[in-house]
file protein_11.cif (mmCIF, C-alpha atoms and all ligand atoms)
data_target
#
loop_
_atom_site.label_atom_id
_atom_site.label_comp_id
_atom_site.auth_asym_id
_atom_site.auth_seq_id
_atom_site.Cartn_x
_atom_site.Cartn_y
_atom_site.Cartn_z
CA MET A 1 -0.50 5.61 -18.42
CA GLU A 2 -2.38 8.11 -16.28
CA ILE A 3 -4.45 6.75 -13.46
CA GLY A 4 -8.18 7.25 -13.16
CA ARG A 5 -8.66 9.21 -16.37
CA ASP A 6 -12.23 7.99 -16.85
CA LEU A 7 -13.36 8.19 -13.21
CA ASP A 8 -15.79 10.76 -11.85
CA GLY A 9 -14.62 13.36 -9.32
CA GLY A 10 -15.91 11.55 -6.23
CA LEU A 11 -14.20 8.28 -7.15
CA ARG A 12 -10.98 10.06 -8.02
CA ALA A 13 -10.97 11.62 -4.56
CA VAL A 14 -11.44 8.31 -2.73
CA LEU A 15 -8.88 6.57 -4.93
CA ARG A 16 -6.46 9.38 -4.15
CA GLU A 17 -7.02 8.81 -0.41
CA TYR A 18 -6.40 5.09 -0.82
CA VAL A 19 -3.21 5.44 -2.87
CA LEU A 20 -2.00 8.09 -0.43
CA SER A 21 -2.38 5.68 2.48
CA LEU A 22 -0.28 3.07 0.66
CA ALA A 23 2.36 5.65 -0.28
CA ASP A 24 2.57 7.04 3.26
CA ASP A 25 3.08 3.57 4.75
CA GLU A 26 6.06 3.02 2.45
CA LEU A 27 7.45 6.52 2.94
CA VAL A 28 7.37 6.49 6.73
CA LEU A 29 8.73 2.97 7.09
CA GLY A 30 11.37 3.75 4.45
CA HIS A 31 12.54 6.66 6.57
CA ARG A 32 12.68 4.50 9.71
CA ASP A 33 14.69 1.90 7.76
CA SER A 34 17.20 4.55 6.73
CA GLU A 35 17.80 5.32 10.41
CA TRP A 36 19.49 1.92 10.81
CA CYS A 37 22.24 2.90 8.39
CA ALA A 38 25.51 2.93 10.36
CA PHE A 39 23.77 1.59 13.50
CA ALA A 40 22.79 -1.98 12.58
CA PRO A 41 24.54 -4.80 14.45
CA LEU A 42 26.31 -5.99 11.26
CA ILE A 43 27.67 -4.03 8.34
CA GLU A 44 25.68 -6.26 5.95
CA GLU A 45 22.56 -5.09 7.75
CA ASP A 46 23.53 -1.42 7.45
CA VAL A 47 23.56 -2.07 3.72
CA ALA A 48 20.40 -4.19 3.77
CA PHE A 49 18.34 -1.61 5.65
CA ALA A 50 19.68 1.21 3.47
CA SER A 51 18.71 -0.77 0.34
CA ILE A 52 15.27 -1.58 1.71
CA ALA A 53 14.81 2.10 2.60
CA GLN A 54 15.66 3.05 -1.00
CA ASP A 55 13.05 0.59 -2.30
CA GLU A 56 10.30 1.75 0.05
CA ILE A 57 10.93 5.40 -0.70
CA ALA A 58 11.00 4.72 -4.44
CA HIS A 59 7.67 2.90 -4.13
CA ALA A 60 6.27 5.86 -2.20
CA GLN A 61 7.54 8.18 -4.93
CA MET A 62 5.77 6.18 -7.67
CA MET A 63 2.51 6.21 -5.74
CA LEU A 64 2.79 9.89 -4.79
CA GLY A 65 3.14 10.52 -8.53
CA MET A 66 -0.20 8.74 -8.96
CA VAL A 67 -1.70 10.93 -6.23
CA GLN A 68 -0.53 13.92 -8.24
CA ASP A 69 -2.17 12.49 -11.38
CA LEU A 70 -5.37 12.16 -9.37
CA GLY A 71 -5.32 15.85 -8.55
CA GLY A 72 -2.89 16.31 -5.66
CA PRO A 73 0.31 18.33 -5.32
CA GLY A 74 3.65 16.89 -6.52
CA PRO A 75 5.52 14.05 -4.77
CA ASP A 76 8.05 16.32 -3.00
CA ALA A 77 5.41 18.63 -1.58
CA LEU A 78 3.39 15.60 -0.45
CA ALA A 79 6.38 13.87 1.14
CA PHE A 80 7.98 16.87 2.80
CA GLY A 81 5.34 19.55 3.07
CA ARG A 82 2.51 17.97 5.06
CA ALA A 83 1.69 18.22 8.76
CA SER A 84 1.31 14.92 10.61
CA SER A 85 -2.48 15.35 10.71
CA ALA A 86 -2.48 15.09 6.88
CA MET A 87 -0.43 11.87 6.89
CA ARG A 88 -2.35 8.67 6.15
CA ASN A 89 0.20 6.02 7.25
CA ALA A 90 -0.64 3.41 9.86
CA VAL A 91 0.79 4.40 13.27
CA LEU A 92 2.68 1.08 13.38
CA LEU A 93 5.13 2.45 10.82
CA GLU A 94 5.94 5.70 12.62
CA ARG A 95 6.97 4.04 15.91
CA PRO A 96 10.67 4.50 16.61
CA ASN A 97 12.87 1.59 15.58
CA GLY A 98 13.25 0.25 19.14
CA ASP A 99 15.50 -2.76 19.41
CA TRP A 100 16.61 -5.04 16.58
CA ALA A 101 13.84 -7.55 17.38
CA TYR A 102 11.16 -4.84 17.11
CA SER A 103 12.48 -3.44 13.82
CA LEU A 104 12.66 -6.86 12.19
CA THR A 105 9.33 -8.06 13.56
CA ARG A 106 7.56 -4.89 12.46
CA HIS A 107 9.09 -5.20 9.01
CA LEU A 108 8.09 -8.82 8.62
CA VAL A 109 4.52 -8.17 9.74
CA TYR A 110 4.25 -5.13 7.47
CA ASP A 111 5.76 -7.00 4.52
CA ILE A 112 3.13 -9.73 4.94
CA ALA A 113 0.38 -7.08 4.98
CA ASP A 114 1.91 -5.43 1.92
CA ASP A 115 2.16 -8.75 0.11
CA LEU A 116 -1.58 -9.37 0.57
CA ARG A 117 -2.43 -5.81 -0.38
CA THR A 118 -0.36 -5.68 -3.57
CA GLU A 119 -1.56 -9.16 -4.57
CA ALA A 120 -5.13 -7.83 -4.39
CA LEU A 121 -4.12 -4.81 -6.50
CA LEU A 122 -3.06 -7.16 -9.31
CA ARG A 123 -6.79 -7.78 -9.82
CA SER A 124 -7.62 -4.09 -10.19
CA ARG A 125 -9.29 -2.75 -13.31
CA GLU A 126 -6.91 0.25 -13.21
CA ARG A 127 -3.95 -0.80 -15.34
CA SER A 128 -1.59 1.70 -13.67
CA LEU A 129 -2.30 0.20 -10.23
CA VAL A 130 -1.58 -3.28 -11.57
CA LEU A 131 1.74 -2.14 -13.04
CA VAL A 132 2.89 -0.44 -9.84
CA ALA A 133 1.86 -3.48 -7.77
CA GLU A 134 3.78 -5.81 -10.10
CA ARG A 135 6.88 -3.65 -9.87
CA MET A 136 6.68 -3.45 -6.07
CA ARG A 137 6.12 -7.18 -5.62
CA ARG A 138 9.30 -8.09 -7.50
CA GLU A 139 11.32 -6.07 -4.99
CA GLU A 140 9.24 -6.74 -1.90
CA ARG A 141 9.88 -10.47 -2.04
CA TYR A 142 13.49 -9.74 -1.08
CA HIS A 143 12.26 -7.77 1.93
CA LEU A 144 9.96 -10.57 2.98
CA GLU A 145 12.79 -13.09 2.74
CA HIS A 146 15.11 -10.79 4.70
CA GLY A 147 12.64 -10.45 7.58
CA ARG A 148 11.88 -14.17 7.58
CA THR A 149 15.54 -15.15 7.67
CA TRP A 150 16.25 -12.84 10.59
CA VAL A 151 13.21 -13.71 12.67
CA ARG A 152 14.09 -17.40 12.20
CA ALA A 153 17.71 -16.74 13.24
CA LEU A 154 16.69 -14.72 16.31
CA ALA A 155 14.12 -17.35 17.31
CA HIS A 156 16.96 -19.84 17.61
CA GLY A 157 19.01 -17.42 19.69
CA GLY A 158 17.95 -18.61 23.14
CA ARG A 159 15.60 -17.41 25.84
CA GLU A 160 16.28 -13.69 25.79
CA ALA A 161 15.95 -13.52 22.02
CA LEU A 162 12.59 -15.29 22.17
CA LEU A 163 11.33 -13.02 24.95
CA ARG A 164 12.30 -9.95 22.95
CA LEU A 165 10.61 -11.32 19.83
CA GLN A 166 7.38 -12.04 21.70
CA HIS A 167 7.49 -8.60 23.30
CA ALA A 168 8.02 -7.04 19.85
CA LEU A 169 5.16 -9.09 18.36
CA ASP A 170 2.83 -7.93 21.16
CA ARG A 171 3.70 -4.29 20.49
CA VAL A 172 3.24 -4.76 16.73
CA ALA A 173 -0.07 -6.58 17.30
CA ALA A 174 -1.42 -3.65 19.35
CA ASP A 175 -0.92 -1.34 16.32
CA SER A 176 -1.86 -3.75 13.52
CA PHE A 177 -5.57 -3.17 13.05
CA ASP A 178 -4.76 0.24 11.57
CA LEU A 179 -3.41 -1.54 8.48
CA PHE A 180 -6.78 -3.06 7.54
CA ARG A 181 -9.40 -1.07 9.46
CA PRO A 182 -12.59 -0.76 7.35
CA ILE A 183 -12.76 2.59 5.57
CA ALA A 184 -16.08 4.31 4.84
CA TRP A 185 -15.52 4.54 1.09
CA GLU A 186 -13.88 1.19 0.36
CA GLY A 187 -17.14 -0.26 -0.99
CA ALA A 188 -17.26 2.42 -3.71
CA LEU A 189 -13.81 1.42 -4.97
CA VAL A 190 -14.87 -2.23 -5.13
CA ARG A 191 -18.11 -1.47 -6.97
CA ALA A 192 -16.14 0.52 -9.55
CA GLY A 193 -13.78 -2.45 -10.05
CA ILE A 194 -10.76 -0.42 -8.91
CA LEU A 195 -10.20 -2.79 -6.02
CA ALA A 196 -11.06 -6.46 -6.33
CA GLU A 197 -12.22 -6.60 -2.70
CA GLU A 198 -12.49 -4.33 0.34
CA PRO A 199 -9.02 -3.93 1.91
CA SER A 200 -10.54 -4.68 5.33
CA ARG A 201 -11.40 -8.22 4.15
CA LEU A 202 -7.70 -8.97 4.14
CA TRP A 203 -7.56 -8.63 7.94
CA GLU A 204 -8.25 -12.28 8.80
CA PRO A 205 -5.95 -13.77 6.12
CA PHE A 206 -3.28 -11.35 7.35
CA VAL A 207 -3.54 -12.42 11.01
CA ALA A 208 -3.50 -16.09 9.96
CA ARG A 209 -0.41 -15.62 7.80
CA VAL A 210 1.57 -13.83 10.48
CA GLN A 211 0.63 -16.52 13.01
CA ALA A 212 1.65 -19.26 10.54
CA GLU A 213 5.00 -17.53 10.13
CA VAL A 214 5.84 -17.16 13.85
CA GLY A 215 3.90 -20.09 15.32
CA PRO A 216 6.59 -22.71 14.58
CA PHE A 217 8.94 -20.85 16.95
CA GLY A 218 6.43 -20.93 19.82
CA LEU A 219 5.53 -17.27 19.26
CA THR A 220 2.00 -15.87 19.09
CA PHE A 221 0.44 -12.98 17.21
CA THR A 222 -2.85 -11.96 18.83
CA PRO A 223 -3.98 -8.54 17.62
CA GLY A 224 -7.37 -7.06 18.54
CA ARG A 225 -9.69 -4.97 16.41
CA SER A 226 -8.66 -1.74 18.09
CA GLY A 227 -5.65 0.54 18.46
CA PRO A 228 -4.60 3.81 16.85
CA HIS A 229 -6.22 5.29 13.74
CA GLY A 230 -3.42 6.69 11.59
CA ARG A 231 -5.47 6.59 8.38
CA ALA A 232 -7.68 9.30 9.90
CA GLY A 233 -4.67 11.48 10.61
CA GLU A 234 -4.43 10.56 14.32
CA HIS A 235 -0.72 10.25 14.90
CA THR A 236 1.83 10.29 17.71
CA PRO A 237 4.50 12.92 18.46
CA ASP A 238 7.02 10.42 17.03
CA LEU A 239 5.68 11.18 13.54
CA ASP A 240 6.15 14.93 14.08
CA GLY A 241 9.82 14.27 14.88
CA LEU A 242 10.22 12.04 11.82
CA LEU A 243 8.62 14.63 9.50
CA ARG A 244 10.80 17.41 10.93
CA THR A 245 13.95 15.44 10.12
CA MET A 246 12.78 14.11 6.75
CA GLY A 247 11.63 17.49 5.45
CA GLU A 248 14.39 19.65 6.90
CA VAL A 249 16.40 20.11 3.71
CA TRP A 250 13.37 20.52 1.45
CA ARG A 251 11.85 23.17 3.72
CA SER A 252 15.04 25.23 3.56
CA ASP A 253 14.16 25.93 -0.10
CA PRO A 254 11.05 24.19 -1.46
CA HIS A 255 11.65 25.53 -4.97
CA ALA A 256 15.24 24.39 -5.35
CA ILE A 257 15.92 21.94 -8.18
CA TRP A 258 18.04 18.92 -7.20
CA MET B 1 15.11 10.96 -41.04
CA PRO B 2 17.01 8.33 -38.99
CA SER B 3 15.99 4.68 -39.00
CA GLU B 4 15.10 2.72 -35.88
CA THR B 5 18.22 0.59 -36.39
CA GLU B 6 20.40 3.70 -36.44
CA VAL B 7 18.88 4.88 -33.17
CA ARG B 8 19.34 1.46 -31.55
CA THR B 9 22.93 1.24 -32.76
CA ALA B 10 23.68 4.70 -31.37
CA LEU B 11 22.21 3.69 -28.03
CA GLN B 12 24.68 0.76 -27.85
CA ALA B 13 27.16 3.48 -26.84
CA VAL B 14 25.15 4.50 -23.76
CA HIS B 15 26.18 2.52 -20.71
CA ASP B 16 24.84 1.82 -17.27
CA PRO B 17 26.97 4.20 -15.15
CA GLU B 18 27.30 1.56 -12.42
CA ILE B 19 28.30 -1.20 -14.85
CA PRO B 20 30.29 0.65 -17.53
CA VAL B 21 30.74 -2.42 -19.77
CA LEU B 22 27.00 -2.95 -20.16
CA SER B 23 25.09 -0.98 -22.79
CA ILE B 24 21.54 0.02 -21.99
CA VAL B 25 20.38 -1.83 -25.10
CA ASP B 26 21.85 -5.07 -23.78
CA LEU B 27 20.43 -4.27 -20.35
CA GLY B 28 17.03 -4.39 -22.06
CA VAL B 29 15.79 -0.97 -20.93
CA VAL B 30 15.27 0.45 -24.41
CA SER B 31 11.71 -0.46 -25.37
CA ALA B 32 9.79 1.15 -28.24
CA ILE B 33 11.37 3.72 -30.56
CA ARG B 34 9.01 5.95 -32.56
CA ILE B 35 10.24 8.11 -35.38
CA SER B 36 8.18 10.70 -37.12
CA GLY B 37 10.11 12.98 -39.45
CA ALA B 38 12.88 14.60 -37.40
CA ASP B 39 11.21 13.73 -34.06
CA VAL B 40 12.34 10.67 -32.12
CA GLU B 41 10.61 9.27 -29.08
CA VAL B 42 12.33 6.56 -27.01
CA ASP B 43 10.59 4.49 -24.30
CA ILE B 44 12.86 3.54 -21.40
CA LEU B 45 11.86 0.86 -18.91
CA PRO B 46 13.10 1.67 -15.39
CA THR B 47 15.03 -1.23 -13.82
CA PHE B 48 14.95 -1.32 -10.02
CA SER B 49 12.56 1.36 -8.80
CA GLY B 50 15.07 2.95 -6.44
CA CYS B 51 17.84 3.03 -9.06
CA PRO B 52 19.71 6.34 -8.80
CA ALA B 53 21.24 5.84 -12.29
CA LEU B 54 17.87 6.28 -14.00
CA GLY B 55 18.05 10.06 -14.39
CA PHE B 56 21.58 9.80 -15.73
CA MET B 57 20.60 7.16 -18.31
CA THR B 58 17.56 9.12 -19.46
CA GLU B 59 19.64 12.23 -20.09
CA ALA B 60 22.40 10.22 -21.80
CA VAL B 61 19.82 8.67 -24.17
CA ARG B 62 18.43 12.08 -25.01
CA ARG B 63 21.87 13.50 -25.79
CA LYS B 64 23.02 10.50 -27.81
CA VAL B 65 19.94 10.44 -30.06
CA ALA B 66 20.09 14.22 -30.53
CA GLU B 67 23.58 13.80 -32.04
CA LEU B 68 22.24 11.69 -34.93
CA PRO B 69 22.02 13.47 -38.29
CA GLY B 70 18.49 14.45 -39.22
CA VAL B 71 17.19 14.48 -35.64
CA GLU B 72 15.63 17.64 -34.31
CA ALA B 73 13.62 16.77 -31.20
CA VAL B 74 14.12 13.85 -28.81
CA LYS B 75 11.65 12.78 -26.19
CA VAL B 76 12.50 10.09 -23.62
CA ARG B 77 9.55 8.53 -21.87
CA LEU B 78 9.72 6.40 -18.73
CA CYS B 79 7.37 3.51 -19.14
CA LEU B 80 6.27 0.77 -16.70
CA ASP B 81 4.57 -1.30 -19.38
CA PRO B 82 6.01 -3.84 -20.09
CA ALA B 83 7.72 -4.19 -16.71
CA TRP B 84 11.48 -4.53 -16.99
CA ASP B 85 12.87 -7.72 -15.54
CA THR B 86 16.26 -9.39 -15.67
CA SER B 87 15.19 -11.77 -18.45
CA ARG B 88 15.44 -8.74 -20.75
CA ILE B 89 19.24 -8.72 -20.42
CA SER B 90 20.70 -10.01 -23.72
CA ALA B 91 23.24 -12.86 -24.06
CA ARG B 92 25.89 -10.24 -24.83
CA GLY B 93 24.81 -8.32 -21.73
CA ARG B 94 25.19 -11.42 -19.54
CA LEU B 95 28.72 -11.96 -20.87
CA ALA B 96 29.55 -8.30 -20.22
CA LEU B 97 28.40 -8.64 -16.62
CA GLN B 98 30.49 -11.77 -16.18
CA SER B 99 33.60 -10.09 -17.58
CA PHE B 100 33.05 -7.18 -15.20
CA GLY B 101 33.09 -9.62 -12.26
CA ILE B 102 29.34 -9.66 -11.66
CA ALA B 103 27.55 -12.99 -12.00
CA PRO B 104 24.49 -12.66 -14.25
CA PRO B 105 21.08 -13.24 -12.65
CA GLY B 106 19.92 -16.81 -12.14
CA ASP B 107 19.95 -19.61 -9.56
CA ALA B 108 23.19 -20.77 -7.90
CA PRO B 109 25.62 -18.49 -9.75
CA ALA B 110 29.04 -19.69 -10.78
CA CYS B 111 31.94 -17.69 -9.34
CA PRO B 112 32.93 -15.09 -11.98
CA TYR B 113 36.59 -15.42 -10.89
CA CYS B 114 37.20 -19.19 -10.83
CA GLY B 115 34.02 -20.64 -12.34
CA SER B 116 33.27 -22.78 -9.28
CA ARG B 117 29.64 -23.63 -8.39
CA GLU B 118 30.55 -23.89 -4.71
CA THR B 119 29.03 -20.53 -3.93
CA ARG B 120 26.58 -19.30 -1.33
CA LEU B 121 24.48 -16.20 -0.74
CA ALA B 122 26.03 -13.89 1.85
CA SER B 123 23.45 -11.10 1.60
CA SER B 124 20.62 -10.23 -0.78
CA PHE B 125 21.55 -6.57 -0.41
CA GLY B 126 24.80 -5.52 -2.06
CA PRO B 127 26.61 -2.28 -2.86
CA THR B 128 23.95 -1.15 -5.33
CA ARG B 129 20.22 -1.74 -5.47
CA CYS B 130 20.55 -4.39 -8.16
CA ARG B 131 23.27 -6.63 -6.70
CA SER B 132 23.48 -9.28 -4.02
CA VAL B 133 26.67 -10.55 -2.42
CA TYR B 134 27.86 -14.16 -2.73
CA TYR B 135 30.88 -15.95 -1.35
CA CYS B 136 32.91 -18.49 -3.32
CA ASP B 137 33.97 -21.46 -1.18
CA SER B 138 36.55 -22.55 -3.79
CA CYS B 139 38.65 -19.43 -4.34
CA ARG B 140 37.38 -17.72 -1.16
CA ASN B 141 36.45 -14.49 -2.82
CA PRO B 142 33.28 -12.55 -2.25
CA PHE B 143 31.56 -11.59 -5.50
CA GLU B 144 28.39 -9.87 -6.62
CA GLN B 145 25.45 -11.16 -8.60
CA MET B 146 22.85 -9.09 -10.37
CA LYS B 147 19.61 -9.90 -8.56
CA ALA B 148 16.89 -11.65 -10.46
CA LEU B 149 13.87 -9.41 -10.75
ZN ZN C 301 35.74 -18.59 -7.00
#
call {"tool": "encode", "arguments": {"input": "protein_11.cif", "output": "structure tokens"}}
result
Amino acid sequence: MEIGRDLDGGLRAVLREYVLSLADDELVLGHRDSEWCAFAPLIEEDVAFASIAQDEIAHAQMMLGMVQDLGGPGPDALAFGRASSAMRNAVLLERPNGDWAYSLTRHLVYDIADDLRTEALLRSRERSLVLVAERMRREERYHLEHGRTWVRALAHGGREALLRLQHALDRVAADSFDLFRPIAWEGALVRAGILAEEPSRLWEPFVARVQAEVGPFGLTFTPGRSGPHGRAGEHTPDLDGLLRTMGEVWRSDPHAIW
Amino acid sequence: MPSETEVRTALQAVHDPEIPVLSIVDLGVVSAIRISGADVEVDILPTFSGCPALGFMTEAVRRKVAELPGVEAVKVRLCLDPAWDTSRISARGRLALQSFGIAPPGDAPACPYCGSRETRLASSFGPTRCRSVYYCDSCRNPFEQMKAL
């Protein structure tokens, strides 16, 4: 079913921006996840991160297909052919993997944000958004459980582990507002019934859920309403490096058929 | 003009490349079949979204249906509605998985080697997108389970 067939041009454009931001979050984090393959502390985790990467990139591919239906270029050109200033991911997801505590903490926090976001999409009037959200949620619950299990295990790992977790949480908190920062056109999507509520209204439930998750270990999540603005295309040099690596093969022959 | 039953029967011979004993009909990915004259359209429900076998299965379906007498054009459509989930695997499909050494989806799987229920999850992420890894405390073998979705 094609998305947005009966929407006017203005609404199609803002919906395209919104879906693109969701797709870019999954794409960029999926690439970071793939970087753990062969470097994780356990072989099971090499496999886990590679699997999670496959899921995230497949989710990005589905949503980039929707962006194409809404009047954008094809998924490959979108994934591999854009400059960082055209990327709409939150900066949180482009940060290098850092240590094990940072990678797991970032994933858990992002998976909680994604859970809230896709749950809200289930109430969309756009059937194709509901279907994609349903599909993603079935797979994402394994990611959520993976992050939870590891953060719990690390939190019982003694003083250094706890210090590293808190340090990771502080770094993640500093970048978190990007995920739910109010966007100028979000009201239009709500009025049209495409979104059940403004994405920015999920900010407080999100902070509360992360805190409820980490609080029992004596950890705190205290993000402010500030930080980078990736949705507006303001990115770090780390994203340029990621895009160079991710698009290297495609750029060697953009018209090749795989 | 072929009948829907003929098409479905033919598709019993198309298998999941990663689980060669399991037909895609028993896997539950074949949804609607529409026949109009010599044209056949088959709806396929993608399983796990990152599944690399999807392209292979789509092409195999197209080729298999094209072999049927009276068929001229075959169209295979990927369809997200209804969403595929593991409850769509047939009873015969669950047995096929078991015989291949993969526990069918469900809570607390029995070991496909010795039948013991003394099993525990080792990792949700196995060698393919759709399998998790368990360990059997009775016969001390690791085994795989198809993840519930
Ligand atoms: Zn056993």
call {"tool": "atom_distance", "arguments": {"input": "protein_11.cif", "atom1": "CA of Glu140 (chain A)", "atom2": "CA of Asp240 (chain A)"}}
result
27.1 Å
call {"tool": "atom_distance", "arguments": {"input": "protein_11.cif", "atom1": "CA of Leu22 (chain A)", "atom2": "CA of His59 (chain A)"}}
result
9.3 Å
call {"tool": "residues_around", "arguments": {"input": "protein_11.cif", "residues": "Gly55 (chain B)", "least_positions_apart": "2", "cutoff": "12 Å", "atoms": "only C-alpha atoms", "output": "list in words"}}
result
Trp258 of chain A; Asp16, Pro17, Ile44, Leu45, Pro46, Thr47, Ser49, Gly50, Cys51, Pro52, Ala53, Met57, Thr58, Glu59, Ala60, Val61, Arg62, Val76, Arg77 and Leu78 of chain B
call {"tool": "interface_residues", "arguments": {"input": "protein_11.cif", "of": "chain B", "to": "chain A", "cutoff": "9 Å", "atoms": "only C-alpha atoms", "output": "PDB file with C-alpha atoms, in the frame of the given file"}}
result
ATOM      1  CA  PHE B  48      14.950  -1.320 -10.020  1.00  0.00           C
ATOM      2  CA  SER B  49      12.560   1.360  -8.800  1.00  0.00           C
ATOM      3  CA  GLY B  50      15.070   2.950  -6.440  1.00  0.00           C
ATOM      4  CA  CYS B  51      17.840   3.030  -9.060  1.00  0.00           C
ATOM      5  CA  CYS B  79       7.370   3.510 -19.140  1.00  0.00           C
ATOM      6  CA  LEU B  80       6.270   0.770 -16.700  1.00  0.00           C
ATOM      7  CA  ASP B  81       4.570  -1.300 -19.380  1.00  0.00           C
ATOM      8  CA  PRO B  82       6.010  -3.840 -20.090  1.00  0.00           C
ATOM      9  CA  ALA B  83       7.720  -4.190 -16.710  1.00  0.00           C
ATOM     10  CA  TRP B  84      11.480  -4.530 -16.990  1.00  0.00           C
ATOM     11  CA  ASP B  85      12.870  -7.720 -15.540  1.00  0.00           C
ATOM     12  CA  ALA B 122      26.030 -13.890   1.850  1.00  0.00           C
ATOM     13  CA  SER B 123      23.450 -11.100   1.600  1.00  0.00           C
ATOM     14  CA  SER B 124      20.620 -10.230  -0.780  1.00  0.00           C
ATOM     15  CA  PHE B 125      21.550  -6.570  -0.410  1.00  0.00           C
ATOM     16  CA  GLY B 126      24.800  -5.520  -2.060  1.00  0.00           C
ATOM     17  CA  PRO B 127      26.610  -2.280  -2.860  1.00  0.00           C
ATOM     18  CA  THR B 128      23.950  -1.150  -5.330  1.00  0.00           C
ATOM     19  CA  ARG B 129      20.220  -1.740  -5.470  1.00  0.00           C
ATOM     20  CA  ALA B 148      16.890 -11.650 -10.460  1.00  0.00           C
ATOM     21  CA  LEU B 149      13.870  -9.410 -10.750  1.00  0.00           C
TER      22      LEU B 149
END
call {"tool": "residues_near_ligand", "arguments": {"input": "protein_11.cif", "ligand": "ligand ZN 301 (chain C)", "cutoff": "6 Å", "atoms": "all atoms listed in the file", "output": "list in words"}}
result
Cys111, Tyr113, Cys114, Gly115, Ser116, Cys136, Ser138, Cys139 and Asn141 of chain B
call {"tool": "atom_distance", "arguments": {"input": "protein_11.cif", "atom1": "CA of Leu179 (chain A)", "atom2": "CA of Ala40 (chain A)"}}
result
26.5 Å
call {"tool": "axis_aligned_box", "arguments": {"input": "protein_11.cif", "around": "region 230-237 of chain A", "padding_each_side": "3 Å", "output": "JSON"}}
result
{"center_x": -1.6, "center_y": 9.8, "center_z": 13.4, "size_x": 18.2, "size_y": 12.3, "size_z": 16.1}
call {"tool": "closest_residue", "arguments": {"input": "protein_11.cif", "among": "B:Arg88, B:Arg94, B:Arg34, B:Lys147", "to": "Lys75 (chain B)", "atoms": "all atoms listed in the file"}}
result
B:Arg34
call {"tool": "residues_around", "arguments": {"input": "protein_11.cif", "residues": "Glu94 (chain A)", "least_positions_apart": "3", "cutoff": "7 Å", "atoms": "only C-alpha atoms", "output": "VMD selection string"}}
result
chain A and resid 28 to 29 91 238 to 239
call {"tool": "residues_near_point", "arguments": {"input": "protein_11.cif", "point": "(-9.8, -2.2, 16.6)", "cutoff": "8 Å", "atoms": "all atoms listed in the file", "output": "MDAnalysis selection string"}}
result
chainID A and resid 177:178 181 224:228
call {"tool": "write_last_selection", "arguments": {"input": "protein_11.cif", "atoms": "C-alpha atoms", "output": "mmCIF file, keeping the file's coordinate frame"}}
result
data_model
loop_
_atom_site.group_PDB
_atom_site.id
_atom_site.type_symbol
_atom_site.label_atom_id
_atom_site.label_comp_id
_atom_site.auth_asym_id
_atom_site.auth_seq_id
_atom_site.Cartn_x
_atom_site.Cartn_y
_atom_site.Cartn_z
ATOM 1 C CA PHE A 177 -5.570 -3.170 13.050
ATOM 2 C CA ASP A 178 -4.760 0.240 11.570
ATOM 3 C CA ARG A 181 -9.400 -1.070 9.460
ATOM 4 C CA GLY A 224 -7.370 -7.060 18.540
ATOM 5 C CA ARG A 225 -9.690 -4.970 16.410
ATOM 6 C CA SER A 226 -8.660 -1.740 18.090
ATOM 7 C CA GLY A 227 -5.650 0.540 18.460
ATOM 8 C CA PRO A 228 -4.600 3.810 16.850
#
call {"tool": "residues_around", "arguments": {"input": "protein_11.cif", "residues": "His229 (chain A)", "least_positions_apart": "6", "cutoff": "12 Å", "atoms": "all atoms listed in the file", "output": "PyMOL selection string"}}
result
chain A and resi 21+85+87-92+174-183+235-236
call {"tool": "residues_around", "arguments": {"input": "protein_11.cif", "residues": "Thr9 (chain B)", "least_positions_apart": "3", "cutoff": "12 Å", "atoms": "all atoms listed in the file", "output": "list in words"}}
result
Pro2, Ser3, Glu4, Thr5, Glu6, Gln12, Ala13, Val14, Ser23, Ile24, Val25, Asp26, Val30, Val61, Lys64, Val65 and Leu68 of chain B
call {"tool": "decode", "arguments": {"input": "protein_11.cif", "residues": "region 1-6 of chain B", "atoms": "N, CA, C and O atoms", "output": "PDB file, in the first residue's frame"}}
result
ATOM      1  N   MET B   1      -6.007 -22.656 -17.764  1.00  0.00           N
ATOM      2  CA  MET B   1      -5.898 -21.786 -16.571  1.00  0.00           C
ATOM      3  C   MET B   1      -5.699 -22.654 -15.321  1.00  0.00           C
ATOM      4  O   MET B   1      -6.476 -23.573 -15.063  1.00  0.00           O
ATOM      5  N   PRO B   2      -4.635 -22.387 -14.534  1.00  0.00           N
ATOM      6  CA  PRO B   2      -4.357 -23.225 -13.361  1.00  0.00           C
ATOM      7  C   PRO B   2      -5.319 -22.892 -12.215  1.00  0.00           C
ATOM      8  O   PRO B   2      -5.881 -21.797 -12.179  1.00  0.00           O
ATOM      9  N   SER B   3      -5.509 -23.814 -11.318  1.00  0.00           N
ATOM     10  CA  SER B   3      -6.347 -23.518 -10.150  1.00  0.00           C
ATOM     11  C   SER B   3      -5.445 -23.059  -9.007  1.00  0.00           C
ATOM     12  O   SER B   3      -4.236 -23.283  -9.029  1.00  0.00           O
ATOM     13  N   GLU B   4      -6.072 -22.423  -8.012  1.00  0.00           N
ATOM     14  CA  GLU B   4      -5.297 -21.939  -6.867  1.00  0.00           C
ATOM     15  C   GLU B   4      -4.619 -23.115  -6.162  1.00  0.00           C
ATOM     16  O   GLU B   4      -3.479 -23.002  -5.713  1.00  0.00           O
ATOM     17  N   THR B   5      -5.344 -24.244  -6.077  1.00  0.00           N
ATOM     18  CA  THR B   5      -4.774 -25.428  -5.417  1.00  0.00           C
ATOM     19  C   THR B   5      -3.521 -25.908  -6.151  1.00  0.00           C
ATOM     20  O   THR B   5      -2.524 -26.271  -5.516  1.00  0.00           O
ATOM     21  N   GLU B   6      -3.577 -25.882  -7.484  1.00  0.00           N
ATOM     22  CA  GLU B   6      -2.393 -26.295  -8.255  1.00  0.00           C
ATOM     23  C   GLU B   6      -1.192 -25.397  -7.954  1.00  0.00           C
ATOM     24  O   GLU B   6      -0.075 -25.878  -7.805  1.00  0.00           O
TER      25      GLU B   6
END
